[in-house]
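upload_30.cif follows; it contains mmCIF, C-alpha atoms.
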data_entry
loop_
_atom_site.group_PDB
_atom_site.id
_atom_site.type_symbol
_atom_site.label_atom_id
_atom_site.label_comp_id
_atom_site.auth_asym_id
_atom_site.auth_seq_id
_atom_site.Cartn_x
_atom_site.Cartn_y
_atom_site.Cartn_z
ATOM 1 C CA MET A 1 -10.191 12.187 2.003
ATOM 2 C CA GLN A 2 -13.558 11.374 3.486
ATOM 3 C CA LEU A 3 -14.466 7.733 4.012
ATOM 4 C CA ILE A 4 -17.965 6.622 3.052
ATOM 5 C CA PRO A 5 -19.246 3.473 4.800
ATOM 6 C CA CYS A 6 -20.632 1.235 2.035
ATOM 7 C CA PRO A 7 -23.286 -1.054 3.573
ATOM 8 C CA TRP A 8 -21.655 -4.023 1.795
ATOM 9 C CA CYS A 9 -17.910 -3.262 1.736
ATOM 10 C CA GLY A 10 -17.367 -1.076 4.800
ATOM 11 C CA PRO A 11 -15.596 2.281 4.866
ATOM 12 C CA ARG A 12 -14.022 3.255 1.551
ATOM 13 C CA GLU A 13 -12.562 6.378 0.043
ATOM 14 C CA GLU A 14 -14.992 8.920 -1.376
ATOM 15 C CA ALA A 15 -13.373 8.629 -4.845
ATOM 16 C CA GLU A 16 -14.831 5.127 -5.191
ATOM 17 C CA PHE A 17 -18.393 6.453 -5.070
ATOM 18 C CA HIS A 18 -20.790 8.261 -7.359
ATOM 19 C CA TYR A 19 -23.547 10.542 -6.203
ATOM 20 C CA GLY A 20 -27.102 9.751 -7.291
ATOM 21 C CA GLY A 21 -29.229 12.604 -6.005
ATOM 22 C CA GLN A 22 -32.200 12.568 -3.674
ATOM 23 C CA ALA A 23 -33.410 9.156 -2.484
ATOM 24 C CA HIS A 24 -37.003 7.968 -2.154
ATOM 25 C CA VAL A 25 -38.339 9.830 -5.211
ATOM 26 C CA ALA A 26 -41.098 7.471 -6.264
ATOM 27 C CA TYR A 27 -41.876 6.952 -9.948
ATOM 28 C CA PRO A 28 -45.409 8.181 -10.657
ATOM 29 C CA GLU A 29 -47.977 5.410 -10.613
ATOM 30 C CA ASP A 30 -49.620 6.583 -13.809
ATOM 31 C CA PRO A 31 -47.106 8.787 -15.658
ATOM 32 C CA ALA A 32 -49.395 9.292 -18.636
ATOM 33 C CA ALA A 33 -51.994 10.947 -16.430
ATOM 34 C CA LEU A 34 -49.625 13.682 -15.219
ATOM 35 C CA THR A 35 -49.790 17.210 -16.548
ATOM 36 C CA ASP A 36 -46.596 18.692 -17.960
ATOM 37 C CA GLU A 37 -46.182 20.673 -14.788
ATOM 38 C CA GLN A 38 -46.529 17.596 -12.567
ATOM 39 C CA TRP A 39 -44.088 15.685 -14.775
ATOM 40 C CA ALA A 40 -41.565 18.522 -14.604
ATOM 41 C CA GLN A 41 -42.043 18.543 -10.839
ATOM 42 C CA TYR A 42 -41.183 14.816 -10.735
ATOM 43 C CA VAL A 43 -38.227 15.018 -13.141
ATOM 44 C CA PHE A 44 -36.512 18.237 -12.144
ATOM 45 C CA PHE A 45 -37.528 19.352 -8.670
ATOM 46 C CA ARG A 46 -35.591 18.104 -5.670
ATOM 47 C CA GLU A 47 -35.429 19.122 -2.078
ATOM 48 C CA ASN A 48 -32.483 21.161 -0.934
ATOM 49 C CA PRO A 49 -32.514 21.022 2.847
ATOM 50 C CA SER A 50 -29.984 22.494 5.191
ATOM 51 C CA GLY A 51 -29.411 19.470 7.398
ATOM 52 C CA PRO A 52 -30.000 15.710 7.059
ATOM 53 C CA PHE A 53 -30.765 14.688 3.478
ATOM 54 C CA ALA A 54 -31.484 11.137 2.211
ATOM 55 C CA GLU A 55 -29.424 10.516 -0.918
ATOM 56 C CA ARG A 56 -28.549 7.717 -3.304
ATOM 57 C CA TRP A 57 -24.895 6.729 -3.708
ATOM 58 C CA SER A 58 -23.254 4.094 -5.883
ATOM 59 C CA HIS A 59 -20.080 2.278 -4.874
ATOM 60 C CA HIS A 60 -18.935 2.145 -8.478
ATOM 61 C CA ALA A 61 -15.313 1.115 -7.880
ATOM 62 C CA GLY A 62 -16.228 -1.571 -5.341
ATOM 63 C CA CYS A 63 -19.315 -3.751 -5.186
ATOM 64 C CA ARG A 64 -21.077 -1.533 -7.773
ATOM 65 C CA ARG A 65 -24.270 -1.454 -5.709
ATOM 66 C CA TRP A 66 -26.566 1.492 -5.099
ATOM 67 C CA PHE A 67 -27.401 2.327 -1.525
ATOM 68 C CA ASN A 68 -28.936 5.171 0.411
ATOM 69 C CA ALA A 69 -27.216 7.505 2.822
ATOM 70 C CA VAL A 70 -28.378 10.289 5.091
ATOM 71 C CA ARG A 71 -25.916 13.158 4.831
ATOM 72 C CA ASP A 72 -25.913 16.390 6.759
ATOM 73 C CA THR A 73 -25.580 19.011 4.025
ATOM 74 C CA ARG A 74 -24.106 21.523 6.455
ATOM 75 C CA THR A 75 -21.228 19.378 7.720
ATOM 76 C CA HIS A 76 -20.940 16.654 5.035
ATOM 77 C CA ASP A 77 -21.187 14.077 7.845
ATOM 78 C CA LEU A 78 -22.766 10.792 6.783
ATOM 79 C CA LEU A 79 -25.256 10.121 9.572
ATOM 80 C CA ALA A 80 -26.479 6.721 8.349
ATOM 81 C CA VAL A 81 -26.215 4.357 5.393
ATOM 82 C CA TYR A 82 -28.769 1.714 4.504
ATOM 83 C CA ARG A 83 -29.422 -0.700 1.670
ATOM 84 C CA VAL A 84 -31.944 -0.121 -1.081
ATOM 85 C CA GLY A 85 -35.374 -1.270 0.065
ATOM 86 C CA GLU A 86 -34.694 -0.661 3.729
ATOM 87 C CA PRO A 87 -36.564 2.153 5.475
ATOM 88 C CA MET A 88 -34.752 5.373 6.258
ATOM 89 C CA PRO A 89 -33.326 5.137 9.782
ATOM 90 C CA GLU A 90 -33.988 7.783 12.394
ATOM 91 C CA VAL A 91 -31.072 10.177 12.606
ATOM 92 C CA THR A 92 -30.172 13.013 14.863
ATOM 93 C CA ALA A 93 -28.151 15.758 13.271
ATOM 94 C CA MET B 1 0.814 -16.014 -30.954
ATOM 95 C CA THR B 2 -1.037 -14.491 -28.046
ATOM 96 C CA VAL B 3 0.947 -11.941 -26.085
ATOM 97 C CA SER B 4 0.039 -11.376 -22.447
ATOM 98 C CA PRO B 5 -0.731 -7.794 -21.356
ATOM 99 C CA LEU B 6 2.473 -7.495 -19.328
ATOM 100 C CA ALA B 7 4.812 -9.486 -21.590
ATOM 101 C CA ALA B 8 6.785 -6.334 -22.419
ATOM 102 C CA TRP B 9 7.217 -5.618 -18.697
ATOM 103 C CA ARG B 10 8.587 -8.987 -17.647
ATOM 104 C CA ASP B 11 12.211 -7.839 -17.279
ATOM 105 C CA ARG B 12 11.380 -4.543 -15.634
ATOM 106 C CA LEU B 13 9.114 -6.268 -13.110
ATOM 107 C CA ALA B 14 11.764 -8.923 -12.435
ATOM 108 C CA ALA B 15 14.185 -6.109 -11.619
ATOM 109 C CA LEU B 16 12.009 -5.233 -8.592
ATOM 110 C CA ALA B 17 12.984 -8.565 -7.025
ATOM 111 C CA PRO B 18 14.966 -7.212 -4.052
ATOM 112 C CA VAL B 19 11.744 -5.551 -2.888
ATOM 113 C CA LEU B 20 8.933 -7.551 -4.447
ATOM 114 C CA ASP B 21 8.682 -10.735 -6.446
ATOM 115 C CA VAL B 22 6.277 -9.772 -9.212
ATOM 116 C CA ALA B 23 4.953 -12.380 -11.607
ATOM 117 C CA GLU B 24 2.198 -12.108 -14.149
ATOM 118 C CA VAL B 25 -0.004 -15.189 -14.375
ATOM 119 C CA PRO B 26 -1.672 -14.486 -17.720
ATOM 120 C CA PHE B 27 -4.713 -15.962 -19.436
ATOM 121 C CA ARG B 28 -6.417 -17.340 -16.300
ATOM 122 C CA SER B 29 -9.962 -18.584 -16.864
ATOM 123 C CA GLN B 30 -12.318 -16.037 -15.307
ATOM 124 C CA LEU B 31 -16.087 -16.164 -15.179
ATOM 125 C CA THR B 32 -18.439 -13.610 -13.721
ATOM 126 C CA VAL B 33 -21.350 -15.334 -11.984
ATOM 127 C CA ARG B 34 -24.449 -13.371 -11.033
ATOM 128 C CA VAL B 35 -26.884 -15.296 -8.883
ATOM 129 C CA SER B 36 -28.670 -14.599 -5.612
ATOM 130 C CA ASP B 37 -30.592 -17.832 -4.986
ATOM 131 C CA PRO B 38 -28.816 -19.647 -2.102
ATOM 132 C CA ASP B 39 -29.635 -23.128 -3.442
ATOM 133 C CA ALA B 40 -28.220 -22.249 -6.861
ATOM 134 C CA LEU B 41 -25.112 -20.827 -5.184
ATOM 135 C CA ALA B 42 -24.612 -24.068 -3.276
ATOM 136 C CA ALA B 43 -25.135 -26.097 -6.466
ATOM 137 C CA ALA B 44 -22.606 -23.963 -8.351
ATOM 138 C CA GLY B 45 -20.155 -24.380 -5.475
ATOM 139 C CA SER B 46 -20.405 -28.153 -5.483
ATOM 140 C CA ALA B 47 -20.125 -28.307 -9.282
ATOM 141 C CA LEU B 48 -16.914 -26.316 -9.037
ATOM 142 C CA GLY B 49 -15.615 -28.109 -5.945
ATOM 143 C CA VAL B 50 -15.166 -24.739 -4.226
ATOM 144 C CA PRO B 51 -17.925 -23.271 -2.034
ATOM 145 C CA PHE B 52 -18.939 -19.736 -2.950
ATOM 146 C CA PRO B 53 -17.928 -17.164 -0.322
ATOM 147 C CA SER B 54 -20.741 -16.262 2.047
ATOM 148 C CA ALA B 55 -19.097 -13.202 3.617
ATOM 149 C CA ALA B 56 -18.557 -9.917 1.799
ATOM 150 C CA CYS B 57 -15.020 -9.001 0.706
ATOM 151 C CA THR B 58 -13.599 -12.520 0.964
ATOM 152 C CA PHE B 59 -12.613 -15.283 -1.436
ATOM 153 C CA THR B 60 -12.590 -19.053 -1.240
ATOM 154 C CA SER B 61 -10.223 -21.489 -2.879
ATOM 155 C CA GLY B 62 -10.064 -25.209 -3.334
ATOM 156 C CA THR B 63 -9.460 -28.083 -5.690
ATOM 157 C CA GLY B 64 -12.208 -29.679 -7.712
ATOM 158 C CA PRO B 65 -12.869 -31.187 -11.125
ATOM 159 C CA PHE B 66 -11.194 -28.175 -12.750
ATOM 160 C CA GLY B 67 -8.075 -28.263 -10.586
ATOM 161 C CA ASP B 68 -7.278 -25.367 -8.303
ATOM 162 C CA ALA B 69 -9.996 -22.735 -8.495
ATOM 163 C CA GLU B 70 -10.968 -19.641 -6.582
ATOM 164 C CA VAL B 71 -14.262 -17.833 -6.104
ATOM 165 C CA LEU B 72 -14.039 -14.105 -5.390
ATOM 166 C CA TRP B 73 -16.825 -12.048 -3.832
ATOM 167 C CA LEU B 74 -17.419 -9.003 -6.028
ATOM 168 C CA GLY B 75 -20.863 -7.959 -4.825
ATOM 169 C CA PRO B 76 -23.844 -9.315 -2.912
ATOM 170 C CA ASP B 77 -24.976 -11.376 -5.915
ATOM 171 C CA GLU B 78 -21.825 -11.244 -8.012
ATOM 172 C CA PHE B 79 -18.811 -13.564 -7.959
ATOM 173 C CA LEU B 80 -15.696 -14.133 -10.042
ATOM 174 C CA VAL B 81 -14.562 -17.707 -10.598
ATOM 175 C CA THR B 82 -10.896 -18.073 -11.534
ATOM 176 C CA ALA B 83 -9.093 -21.217 -12.660
ATOM 177 C CA SER B 84 -6.204 -22.360 -14.813
ATOM 178 C CA PRO B 85 -6.042 -21.093 -18.420
ATOM 179 C CA GLY B 86 -8.180 -22.695 -21.099
ATOM 180 C CA LEU B 87 -10.986 -24.010 -18.890
ATOM 181 C CA GLN B 88 -13.437 -21.124 -19.309
ATOM 182 C CA VAL B 89 -15.733 -22.764 -21.862
ATOM 183 C CA THR B 90 -16.055 -25.990 -19.871
ATOM 184 C CA ILE B 91 -16.586 -24.216 -16.555
ATOM 185 C CA GLU B 92 -19.134 -21.884 -18.130
ATOM 186 C CA GLU B 93 -21.220 -24.831 -19.308
ATOM 187 C CA VAL B 94 -20.979 -26.650 -15.990
ATOM 188 C CA LEU B 95 -21.922 -23.567 -13.937
ATOM 189 C CA ARG B 96 -24.818 -22.733 -16.258
ATOM 190 C CA GLY B 97 -26.076 -26.275 -15.744
ATOM 191 C CA ALA B 98 -25.671 -25.934 -11.971
ATOM 192 C CA LEU B 99 -27.672 -22.702 -11.848
ATOM 193 C CA GLY B 100 -30.522 -24.493 -13.632
ATOM 194 C CA THR B 101 -33.731 -22.526 -13.661
ATOM 195 C CA ALA B 102 -32.870 -20.392 -10.629
ATOM 196 C CA GLY B 103 -32.107 -17.385 -12.794
ATOM 197 C CA GLY B 104 -28.628 -15.970 -12.987
ATOM 198 C CA SER B 105 -25.823 -15.540 -15.442
ATOM 199 C CA VAL B 106 -22.390 -16.949 -16.132
ATOM 200 C CA VAL B 107 -20.223 -14.854 -18.421
ATOM 201 C CA ASP B 108 -16.704 -15.584 -19.637
ATOM 202 C CA THR B 109 -14.664 -12.520 -18.681
ATOM 203 C CA SER B 110 -11.218 -14.103 -19.018
ATOM 204 C CA ALA B 111 -9.951 -11.437 -21.396
ATOM 205 C CA GLN B 112 -11.037 -8.623 -19.102
ATOM 206 C CA ARG B 113 -8.321 -8.867 -16.485
ATOM 207 C CA THR B 114 -4.812 -10.167 -16.114
ATOM 208 C CA THR B 115 -3.459 -11.587 -12.863
ATOM 209 C CA VAL B 116 -0.334 -10.359 -11.119
ATOM 210 C CA VAL B 117 1.080 -12.089 -8.046
ATOM 211 C CA LEU B 118 3.129 -9.932 -5.677
ATOM 212 C CA GLN B 119 5.233 -11.461 -2.943
ATOM 213 C CA GLY B 120 7.629 -10.043 -0.404
ATOM 214 C CA PRO B 121 7.649 -8.690 3.143
ATOM 215 C CA LEU B 122 6.979 -5.156 1.859
ATOM 216 C CA VAL B 123 3.971 -6.024 -0.305
ATOM 217 C CA ARG B 124 1.363 -4.377 1.930
ATOM 218 C CA GLN B 125 3.535 -1.334 2.416
ATOM 219 C CA VAL B 126 4.122 -0.846 -1.329
ATOM 220 C CA LEU B 127 0.427 -1.255 -2.183
ATOM 221 C CA ALA B 128 -0.517 1.223 0.539
ATOM 222 C CA HIS B 129 1.188 3.932 -1.536
ATOM 223 C CA GLY B 130 -1.796 3.924 -3.882
ATOM 224 C CA CYS B 131 -4.592 2.068 -2.130
ATOM 225 C CA SER B 132 -6.842 3.550 0.540
ATOM 226 C CA VAL B 133 -8.056 0.203 1.897
ATOM 227 C CA ASP B 134 -6.440 -0.667 5.227
ATOM 228 C CA LEU B 135 -4.043 -3.493 4.346
ATOM 229 C CA HIS B 136 -2.798 -4.141 7.886
ATOM 230 C CA PRO B 137 -3.080 -7.894 8.608
ATOM 231 C CA SER B 138 -5.572 -7.139 11.394
ATOM 232 C CA SER B 139 -8.113 -5.637 8.977
ATOM 233 C CA ALA B 140 -7.068 -7.432 5.766
ATOM 234 C CA PRO B 141 -6.320 -11.014 6.875
ATOM 235 C CA VAL B 142 -5.506 -13.832 4.462
ATOM 236 C CA GLY B 143 -8.683 -14.530 2.484
ATOM 237 C CA THR B 144 -9.613 -10.890 1.985
ATOM 238 C CA CYS B 145 -10.748 -9.891 -1.498
ATOM 239 C CA VAL B 146 -11.642 -6.283 -2.251
ATOM 240 C CA GLN B 147 -12.458 -4.337 -5.369
ATOM 241 C CA THR B 148 -10.976 -0.921 -4.995
ATOM 242 C CA LEU B 149 -8.874 1.752 -6.639
ATOM 243 C CA LEU B 150 -5.103 1.459 -6.769
ATOM 244 C CA ALA B 151 -3.573 4.702 -7.991
ATOM 245 C CA ARG B 152 -6.897 5.558 -9.658
ATOM 246 C CA THR B 153 -7.223 2.299 -11.584
ATOM 247 C CA GLY B 154 -9.787 -0.319 -10.601
ATOM 248 C CA ILE B 155 -8.349 -3.556 -9.250
ATOM 249 C CA VAL B 156 -9.429 -6.685 -7.467
ATOM 250 C CA LEU B 157 -7.031 -7.339 -4.606
ATOM 251 C CA GLN B 158 -6.766 -10.761 -3.002
ATOM 252 C CA VAL B 159 -4.718 -11.245 0.134
ATOM 253 C CA THR B 160 -3.403 -14.774 -0.411
ATOM 254 C CA GLY B 161 -0.713 -14.878 2.261
ATOM 255 C CA GLU B 162 0.872 -12.864 5.059
ATOM 256 C CA ASP B 163 3.196 -11.265 2.514
ATOM 257 C CA ARG B 164 1.548 -12.291 -0.737
ATOM 258 C CA CYS B 165 -1.188 -10.564 -2.726
ATOM 259 C CA THR B 166 -2.842 -11.264 -6.042
ATOM 260 C CA ILE B 167 -3.972 -8.309 -8.119
ATOM 261 C CA LEU B 168 -6.442 -8.586 -10.960
ATOM 262 C CA VAL B 169 -6.190 -5.551 -13.180
ATOM 263 C CA ARG B 170 -7.913 -4.715 -16.447
ATOM 264 C CA SER B 171 -5.732 -5.783 -19.353
ATOM 265 C CA SER B 172 -5.740 -2.295 -20.837
ATOM 266 C CA PHE B 173 -4.612 -0.816 -17.499
ATOM 267 C CA ALA B 174 -1.981 -3.494 -16.808
ATOM 268 C CA GLU B 175 0.945 -1.494 -18.180
ATOM 269 C CA TYR B 176 -0.116 1.543 -16.183
ATOM 270 C CA PHE B 177 -0.316 -0.638 -13.084
ATOM 271 C CA ALA B 178 3.148 -2.080 -13.794
ATOM 272 C CA ALA B 179 4.602 1.391 -14.266
ATOM 273 C CA TRP B 180 3.028 2.586 -11.029
ATOM 274 C CA LEU B 181 4.326 -0.486 -9.190
ATOM 275 C CA ALA B 182 7.857 0.058 -10.475
ATOM 276 C CA ASP B 183 7.674 3.662 -9.311
ATOM 277 C CA ALA B 184 6.284 2.758 -5.893
ATOM 278 C CA CYS B 185 9.131 0.273 -5.350
ATOM 279 C CA THR B 186 11.849 2.779 -6.231
ATOM 280 C CA GLU B 187 12.404 4.130 -2.731
ATOM 281 C CA TYR B 188 12.795 0.618 -1.295
ATOM 282 C CA LEU B 189 15.141 -0.430 -4.112
ATOM 283 C CA ALA B 190 17.524 2.366 -3.165
ATOM 284 C CA VAL B 191 18.126 0.895 0.291
ATOM 285 C CA ALA B 192 17.714 -2.792 -0.543
#

So, in terms of structure tokens, how does the structure I just supplied come out?
Amino acid sequence: MQLIPCPWCGPREEAEFHYGGQAHVAYPEDPAALTDEQWAQYVFFRENPSGPFAERWSHHAGCRRWFNAVRDTRTHDLLAVYRVGEPMPEVTA
Amino acid sequence: MTVSPLAAWRDRLAALAPVLDVAEVPFRSQLTVRVSDPDALAAAGSALGVPFPSAACTFTSGTGPFGDAEVLWLGPDEFLVTASPGLQVTIEEVLRGALGTAGGSVVDTSAQRTTVVLQGPLVRQVLAHGCSVDLHPSSAPVGTCVQTLLARTGIVLQVTGEDRCTILVRSSFAEYFAAWLADACTEYLAVA
């Protein structure tokens, strides 16, 4: 089974983690001002790249912290992991 | 009368003795402490007589006003304090006082988990049957404390000696854990 390197606990089995979707989706500054279409865009629309993708993961069976990871969607390789609040590192796929 | 989660398993666990000495240590005082302020952490550590662990995936132990106590790292701002049974209310009040106005929480979680002590030269080998964390002494030295999955159930695993581990398992999963442990020991019992 694939090991995922938790930024707090180190490499752990994939079964200990939960997937949280695309990272760095900012909450709208003034949600009330959005049109229905813009709101739907924020709530439902996510990128679907072929290649490196910044995602949120939760180490739910370990330290129970959310963190971000850059995963190559073609190979399932985790190229980088970083803690919430840290900038996305440069990666080369 | 209060019955410990593994009371019904005492004899069956004792029968594993040629391979592993298994003993439940029920009703330990356990408190979940959430605090990130370093000064408050130091104050809580001195109130308890045991410094809080500064490194991830480790635990500290010592003797203080509440006797032997341990502090387990569960997350970057989350710790589990364990001590002898019956002290949870007193420790809760003392730790709350130590945290002061720093912001944080102390919650009595004694009923959440039961404690099982495993001892024997094969302890790491038996646990490796269901645990993906590397338990070799070079990567899990004495003082290691990890939350992980053992045979799909969540546990806190403390490495307390070269061939001794302490497992904290949810009370409702304790019988499952005991059954899994008995099964994992079977192949060693046959040759013991």

Just need the residues of chain A within 8 Å of chain B, counting only C-alpha atoms, so spit them out as a VMD selection string. chain A and resid 8 to 9 12 to 13 16 61 to 65

Measure the distance from CA of Arg34 in chain B to CA of Arg96 in chain B in Å and round it to one decimal.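 Separating CA of Arg34 in chain B from CA of Arg96 in chain B is a distance of 10.7 Å.
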
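Of the residues under consideration (A:Pro11, A:Trp66, A:Arg46, A:Val81), A:Arg46 shows the shortest atom-to-atom contact distance to Ala26 in chain A when counting all atoms listed in the file.
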
Gap from CA of Ala69 in chain A to CA of Pro52 in chain A - Å, one decimal: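 CA of Pro52 in chain A lies 9.6 Å from CA of Ala69 in chain A.
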
Which residues are near Glu187 in chain B? Cut-off 12 Å, all atoms listed in the file, ignore same chain within fewer than 2 positions. Put them as a PDB file with C-alpha atoms, in the coordinates of the input.
ATOM      1  CA  LEU B  16      12.009  -5.233  -8.592  1.00  0.00           C
ATOM      2  CA  PRO B  18      14.966  -7.212  -4.052  1.00  0.00           C
ATOM      3  CA  VAL B  19      11.744  -5.551  -2.888  1.00  0.00           C
ATOM      4  CA  LEU B 122       6.979  -5.156   1.859  1.00  0.00           C
ATOM      5  CA  GLN B 125       3.535  -1.334   2.416  1.00  0.00           C
ATOM      6  CA  VAL B 126       4.122  -0.846  -1.329  1.00  0.00           C
ATOM      7  CA  HIS B 129       1.188   3.932  -1.536  1.00  0.00           C
ATOM      8  CA  LEU B 181       4.326  -0.486  -9.190  1.00  0.00           C
ATOM      9  CA  ALA B 182       7.857   0.058 -10.475  1.00  0.00           C
ATOM     10  CA  ASP B 183       7.674   3.662  -9.311  1.00  0.00           C
ATOM     11  CA  ALA B 184       6.284   2.758  -5.893  1.00  0.00           C
ATOM     12  CA  CYS B 185       9.131   0.273  -5.350  1.00  0.00           C
ATOM     13  CA  LEU B 189      15.141  -0.430  -4.112  1.00  0.00           C
ATOM     14  CA  ALA B 190      17.524   2.366  -3.165  1.00  0.00           C
ATOM     15  CA  VAL B 191      18.126   0.895   0.291  1.00  0.00           C
ATOM     16  CA  ALA B 192      17.714  -2.792  -0.543  1.00  0.00           C
TER      17      ALA B 192
END

Decode the PyMOL selection byres ((chain B and resi 113-120) around 9) for the given file into explicit residues and return them as a ChimeraX atom specification. /B:4-6,17-28,30,109-112,121-124,155,161,163-174

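Atom pair CA of Gly45 in chain B / CA of Pro7 in chain A has a distance of 25.2 Å (rounded to one decimal).
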
Determine the residue set returned by the PyMOL selection byres ((chain A and resi 55) around 7) for the present structure, and present it as a PyMOL selection string. chain A and resi 20-23+53-54+56-57+68-70

Could you spell out the hits of the PyMOL selection byres ((chain B and resi 61-65) around 10) on the shown file, as an mmCIF file with C-alpha atoms, in the frame of the given file?
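Everything below was put into part.cif:
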data_model
loop_
_atom_site.group_PDB
_atom_site.id
_atom_site.type_symbol
_atom_site.label_atom_id
_atom_site.label_comp_id
_atom_site.auth_asym_id
_atom_site.auth_seq_id
_atom_site.Cartn_x
_atom_site.Cartn_y
_atom_site.Cartn_z
ATOM 1 C CA GLY B 45 -20.155 -24.380 -5.475
ATOM 2 C CA SER B 46 -20.405 -28.153 -5.483
ATOM 3 C CA ALA B 47 -20.125 -28.307 -9.282
ATOM 4 C CA LEU B 48 -16.914 -26.316 -9.037
ATOM 5 C CA GLY B 49 -15.615 -28.109 -5.945
ATOM 6 C CA VAL B 50 -15.166 -24.739 -4.226
ATOM 7 C CA PRO B 51 -17.925 -23.271 -2.034
ATOM 8 C CA PHE B 52 -18.939 -19.736 -2.950
ATOM 9 C CA PRO B 53 -17.928 -17.164 -0.322
ATOM 10 C CA PHE B 59 -12.613 -15.283 -1.436
ATOM 11 C CA THR B 60 -12.590 -19.053 -1.240
ATOM 12 C CA PHE B 66 -11.194 -28.175 -12.750
ATOM 13 C CA GLY B 67 -8.075 -28.263 -10.586
ATOM 14 C CA ASP B 68 -7.278 -25.367 -8.303
ATOM 15 C CA ALA B 69 -9.996 -22.735 -8.495
ATOM 16 C CA GLU B 70 -10.968 -19.641 -6.582
ATOM 17 C CA VAL B 71 -14.262 -17.833 -6.104
ATOM 18 C CA LEU B 72 -14.039 -14.105 -5.390
ATOM 19 C CA VAL B 81 -14.562 -17.707 -10.598
ATOM 20 C CA THR B 82 -10.896 -18.073 -11.534
ATOM 21 C CA ALA B 83 -9.093 -21.217 -12.660
ATOM 22 C CA ILE B 91 -16.586 -24.216 -16.555
ATOM 23 C CA GLY B 143 -8.683 -14.530 2.484
ATOM 24 C CA THR B 160 -3.403 -14.774 -0.411
#

Which polymer residues have any atom within 10 Å of an atom of Val43 in chain A, counting all atoms listed in the file, with same-chain residues fewer than 5 positions away left out, as a VMD selection string? chain A and resid 25 27 37 to 38

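Counting all atoms listed in the file, the residue from A:Ala15, A:Ala40, A:Phe67, A:Thr35 that sits nearest to Met88 in chain A is A:Phe67.
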
Could you name the residues that touch Ser50 in chain A at 12 Å or less, counting only C-alpha atoms, but leaving out those on the same chain fewer than 5 positions away, as a PyMOL selection string? chain A and resi 71-76+93

So that I can check the surroundings of Asp108 in chain B, please list as number ranges by chain every protein, DNA and RNA residue that reaches within 8 Å of it, counting only C-alpha atoms and ignoring chain neighbours fewer than 4 positions away. B: 29-32, 88-89, 92

Any chance you could export the current selection's C-alpha atoms as a PDB file, in the coordinates of the input?
ATOM      1  CA  SER B  29      -9.962 -18.584 -16.864  1.00  0.00           C
ATOM      2  CA  GLN B  30     -12.318 -16.037 -15.307  1.00  0.00           C
ATOM      3  CA  LEU B  31     -16.087 -16.164 -15.179  1.00  0.00           C
ATOM      4  CA  THR B  32     -18.439 -13.610 -13.721  1.00  0.00           C
ATOM      5  CA  GLN B  88     -13.437 -21.124 -19.309  1.00  0.00           C
ATOM      6  CA  VAL B  89     -15.733 -22.764 -21.862  1.00  0.00           C
ATOM      7  CA  GLU B  92     -19.134 -21.884 -18.130  1.00  0.00           C
TER       8      GLU B  92
END
